[in-house]
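S.K.: Input structure: start.csv, which contains CSV, C-alpha atoms.
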```
chain,number,residue,atom,x,y,z
A,12,MET,CA,18.9,55.0,45.0
A,13,ILE,CA,15.4,56.3,44.9
A,14,ILE,CA,12.5,54.0,45.8
A,15,VAL,CA,9.2,54.9,44.0
A,16,TYR,CA,6.0,53.9,45.8
A,17,ALA,CA,3.1,54.2,43.4
A,18,PRO,CA,0.0,52.8,45.0
A,19,LYS,CA,-3.0,52.3,42.7
A,20,ASP,CA,-5.3,54.2,45.0
A,21,GLY,CA,-3.0,57.0,46.3
A,22,GLU,CA,-0.3,59.6,45.7
A,23,GLU,CA,3.1,58.5,44.4
A,24,GLN,CA,5.8,58.8,47.0
A,25,HIS,CA,9.6,58.9,46.6
A,26,PHE,CA,12.1,57.6,49.2
A,27,ASP,CA,15.7,58.6,48.9
A,28,ALA,CA,17.8,55.6,50.1
A,29,GLY,CA,21.1,56.8,48.7
A,30,PRO,CA,24.4,57.2,50.6
A,31,GLY,CA,24.1,59.5,53.6
A,32,LYS,CA,20.3,59.5,53.5
A,33,LEU,CA,19.6,57.0,56.3
A,34,ARG,CA,20.6,57.2,59.9
A,35,ALA,CA,22.5,54.4,61.6
A,36,SER,CA,19.5,53.8,63.8
A,37,GLU,CA,17.2,53.4,60.8
A,38,ILE,CA,19.7,51.0,59.2
A,39,GLN,CA,19.7,48.9,62.4
A,40,ILE,CA,15.9,48.8,62.4
A,41,ILE,CA,15.9,47.8,58.7
A,42,GLU,CA,18.5,45.0,59.4
A,43,ARG,CA,16.5,43.7,62.4
A,44,THR,CA,13.2,43.8,60.5
A,45,ALA,CA,14.6,42.2,57.4
A,46,ASP,CA,16.8,39.8,59.3
A,47,ALA,CA,19.6,40.6,56.8
A,48,ARG,CA,22.8,42.7,56.6
A,49,TRP,CA,22.6,46.2,55.3
A,50,THR,CA,25.0,45.4,52.4
A,51,ASP,CA,22.6,42.7,51.2
A,52,ILE,CA,19.6,44.9,51.6
A,53,LYS,CA,21.2,47.7,49.6
A,54,GLU,CA,21.9,45.2,46.8
A,55,GLY,CA,18.4,44.0,47.0
A,56,VAL,CA,17.1,47.5,46.6
A,57,ARG,CA,19.4,48.0,43.6
A,58,LEU,CA,18.1,44.8,42.1
A,59,GLY,CA,14.4,45.7,42.8
A,60,GLU,CA,13.8,42.9,45.2
A,61,ILE,CA,10.3,43.5,46.8
A,62,GLY,CA,11.4,42.6,50.4
A,63,ALA,CA,14.3,45.0,50.3
A,64,LEU,CA,12.2,47.8,48.7
A,65,ARG,CA,9.5,47.3,51.2
A,66,VAL,CA,11.6,47.4,54.4
A,67,VAL,CA,13.6,50.4,53.3
A,68,SER,CA,10.5,52.3,52.1
A,69,TRP,CA,8.8,51.5,55.4
A,70,ALA,CA,11.7,52.8,57.5
A,71,ILE,CA,11.8,56.1,55.6
A,72,LYS,CA,8.0,56.4,55.6
A,73,LYS,CA,8.1,56.0,59.4
A,74,ARG,CA,9.8,59.4,59.6
A,75,ALA,CA,6.5,61.0,58.7
A,76,GLU,CA,4.4,58.3,60.3
A,77,PRO,CA,6.2,57.2,63.5
A,78,SER,CA,3.5,54.7,64.5
A,79,LEU,CA,3.5,52.9,61.1
A,80,ARG,CA,3.9,49.2,61.7
A,81,PHE,CA,5.8,47.1,59.2
A,82,SER,CA,2.8,44.8,58.8
A,83,ALA,CA,0.6,47.8,58.0
A,84,PHE,CA,2.9,48.8,55.1
A,85,ASP,CA,2.1,46.1,52.5
A,86,PRO,CA,2.2,47.4,49.0
A,87,PHE,CA,1.0,45.3,46.1
A,88,GLU,CA,3.3,43.8,43.5
A,89,GLY,CA,4.5,46.5,41.1
A,90,GLU,CA,3.8,49.4,43.5
A,91,LEU,CA,7.5,49.6,44.5
A,92,ARG,CA,10.4,50.1,42.2
A,93,SER,CA,13.9,51.4,42.5
A,94,ARG,CA,15.4,54.1,40.3
A,95,LEU,CA,18.9,55.6,40.1
A,96,ASP,CA,19.6,59.0,41.5
A,97,ALA,CA,21.6,61.7,39.6
A,98,GLN,CA,25.0,60.6,40.8
A,99,GLU,CA,24.3,57.0,40.2
A,100,VAL,CA,23.1,57.8,36.7
A,101,ARG,CA,26.3,59.8,36.1
A,102,ASN,CA,28.5,57.0,37.3
A,103,TYR,CA,26.7,54.4,35.3
A,104,ALA,CA,26.7,56.5,32.1
A,105,GLU,CA,30.5,56.7,32.4
A,106,TYR,CA,30.8,53.0,33.0
A,107,LEU,CA,28.6,52.2,30.0
A,108,PHE,CA,30.5,54.6,27.7
A,109,GLU,CA,33.8,53.0,28.6
A,110,LYS,CA,32.4,49.5,28.2
A,111,TYR,CA,30.6,50.0,24.9
A,112,ARG,CA,32.3,52.9,23.2
A,113,GLU,CA,33.6,50.7,20.4
A,114,ASN,CA,30.2,49.3,19.6
A,115,PRO,CA,27.7,52.1,19.0
A,116,ASP,CA,24.6,49.8,18.7
A,117,ASP,CA,25.3,48.2,22.2
A,118,LEU,CA,26.0,51.7,23.6
A,119,ALA,CA,22.8,53.1,22.3
A,120,GLU,CA,20.9,50.1,23.8
A,121,ALA,CA,22.6,50.5,27.1
A,122,PHE,CA,21.9,54.2,27.2
A,123,ASP,CA,18.2,53.5,26.5
A,124,GLU,CA,18.2,51.1,29.5
A,125,LEU,CA,19.8,53.8,31.6
A,126,ARG,CA,17.1,56.3,30.7
A,127,ASP,CA,14.5,53.7,31.8
A,128,VAL,CA,16.1,53.2,35.3
A,129,ALA,CA,16.9,56.8,36.0
A,130,PHE,CA,14.6,58.5,38.5
A,131,ASP,CA,14.8,61.7,36.5
A,132,ARG,CA,15.1,61.2,32.7
A,133,GLU,CA,16.8,64.6,32.4
A,134,ASP,CA,19.6,63.4,34.6
A,135,ALA,CA,20.1,60.5,32.2
A,136,GLU,CA,20.1,62.8,29.2
A,137,THR,CA,22.6,65.2,30.7
A,138,ALA,CA,24.9,62.4,31.8
A,139,ILE,CA,24.7,60.7,28.4
A,140,ALA,CA,25.5,64.0,26.6
A,141,ASP,CA,28.4,64.7,29.0
A,142,VAL,CA,30.1,61.3,28.6
A,143,SER,CA,29.5,61.1,24.9
A,144,ALA,CA,30.7,64.6,24.1
A,145,PRO,CA,34.0,64.8,22.2
A,146,LYS,CA,36.9,65.5,24.5
A,147,ALA,CA,39.2,68.4,23.6
A,148,PRO,CA,42.7,67.1,23.1
A,149,ALA,CA,45.2,68.2,25.7
A,150,THR,CA,47.3,71.0,24.6
A,151,ALA,CA,51.0,70.6,24.9
A,152,THR,CA,52.7,73.7,26.3
A,153,GLU,CA,56.4,74.4,26.6
A,154,PRO,CA,57.5,74.4,30.2
A,155,GLU,CA,58.8,77.7,31.6
A,156,PRO,CA,62.6,77.7,31.6
A,157,LEU,CA,64.2,77.5,35.0
A,158,PRO,CA,65.7,80.8,36.2
A,159,GLU,CA,69.2,79.4,36.2
A,160,ALA,CA,68.8,78.0,32.7
A,161,THR,CA,67.8,81.5,31.4
A,162,GLU,CA,70.8,83.1,33.1
A,163,ALA,CA,73.2,80.6,31.6
A,164,ALA,CA,71.7,81.0,28.2
A,165,SER,CA,72.1,84.8,28.3
A,166,ARG,CA,75.8,84.5,29.4
A,167,ASN,CA,76.5,82.1,26.5
A,168,GLY,CA,75.0,84.6,24.0
A,169,ALA,CA,71.9,82.7,23.3
```
Would you mind writing the file's structure down as structure tokens?

M.R.:
Amino acid sequence: MIIVYAPKDGEEQHFDAGPGKLRASEIQIIERTADARWTDIKEGVRLGEIGALRVVSWAIKKRAEPSLRFSAFDPFEGELRSRLDAQEVRNYAEYLFEKYRENPDDLAEAFDELRDVAFDREDAETAIADVSAPKAPATATEPEPLPEATEAASRNGA
């Protein structure tokens, strides 16, 4: 999950809050500050809840600004949003394809929404192309005969 912070009067910043991107100590600080469990906060980030987006962004932002107080990081509504990273986009594209493959209109609409929530639109396009590409049929191959079967056949004149 990527959190995009786009202040009206400043440079856009991106905070990677995906798996393996936060230290345990940062997660503990986030939990204490938010007075919530990490699993609930992660879900809040996924859903775009402002409180979850703010506390996670603040914790990551503190890496570069260690003295940054939570009360001093107070974005306006609409300045924080969550986006899917490349792996999340891929996983979601596969899910959508399986769910809507029999209904092309619904699939197209779902893929449009995926493009909108992807951090990088190119990741979405690649994932959509990959999951939508026709799959080559598996080729049936004759198994190699077992050595004893070959010897028995040659003794029997086959």

S.K.: Between A:Leu33, A:Ala75, A:Ala135, A:Val128, which one has atoms that come closest to Leu95 in chain A, using all atoms listed in the file?

M.R.: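 Of the candidates, the smallest distance to Leu95 in chain A is held by A:Val128.
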
S.K.: Quick one: which range 72-117 of chain A residues come within 12 Å of range 50-66 of chain A, and what is the nearest atom pair for each with the distance in Å to one decimal, counting all atoms listed in the file, rows ordered by chain and ascending number, as a Markdown table?

M.R.:
```
| residue | atom | partner | partner_atom | distance |
| --- | --- | --- | --- | --- |
| A:Lys72 | CA | A:Val66 | CA | 9.8 |
| A:Lys73 | CA | A:Val66 | CA | 10.5 |
| A:Leu79 | CA | A:Val66 | CA | 11.9 |
| A:Arg80 | CA | A:Val66 | CA | 10.8 |
| A:Phe81 | CA | A:Val66 | CA | 7.5 |
| A:Ser82 | CA | A:Val66 | CA | 10.2 |
| A:Ala83 | CA | A:Arg65 | CA | 11.2 |
| A:Phe84 | CA | A:Arg65 | CA | 7.8 |
| A:Asp85 | CA | A:Arg65 | CA | 7.6 |
| A:Pro86 | CA | A:Arg65 | CA | 7.6 |
| A:Phe87 | CA | A:Ile61 | CA | 9.5 |
| A:Glu88 | CA | A:Ile61 | CA | 7.7 |
| A:Gly89 | CA | A:Ile61 | CA | 8.7 |
| A:Glu90 | CA | A:Ile61 | CA | 9.4 |
| A:Leu91 | CA | A:Leu64 | CA | 6.6 |
| A:Arg92 | CA | A:Gly59 | CA | 6.0 |
| A:Ser93 | CA | A:Gly59 | CA | 5.7 |
| A:Arg94 | CA | A:Arg57 | CA | 8.0 |
| A:Leu95 | CA | A:Arg57 | CA | 8.4 |
| A:Asp96 | CA | A:Arg57 | CA | 11.2 |
| A:Glu99 | CA | A:Arg57 | CA | 10.8 |
```

S.K.: So the first atom is CA of Tyr103 in chain A and the second is CA of Gln24 in chain A; what is the distance between them in Å, to one decimal place?

M.R.: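 Between CA of Tyr103 in chain A and CA of Gln24 in chain A the gap works out to 24.4 Å.
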
S.K.: Do you know which residues are at most 10 Å from Glu133 in chain A counting all atoms listed in the file, after dropping those on the same chain fewer than 6 positions away, and could you put them as JSON, numbers by chain?

M.R.: {"A": [97, 126, 139]}

S.K.: At what distance in Å, to one decimal, does CA of Ala70 in chain A lie from CA of Asp46 in chain A?

M.R.: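 For CA of Asp46 in chain A relative to CA of Ala70 in chain A, the distance reads 14.1 Å.
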
S.K.: Suppose you want the space between CA of Thr137 in chain A and CA of Arg101 in chain A; what is it in Å?

M.R.: 8.5 Å

S.K.: Using only C-alpha atoms, can you tell me which of A:Arg132, A:Leu107, A:Ile71, A:Asp127 comes closest to Ile41 in chain A?

M.R.: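 Looking only at the distances to Ile41 in chain A, the closest residue turns out to be A:Ile71.
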
S.K.: Residues near His25 in chain A, anyone? I mean within 8 Å using only C-alpha atoms, not counting same-chain ones fewer than 3 positions away, as a ChimeraX atom specification.

M.R.: /A:13-16
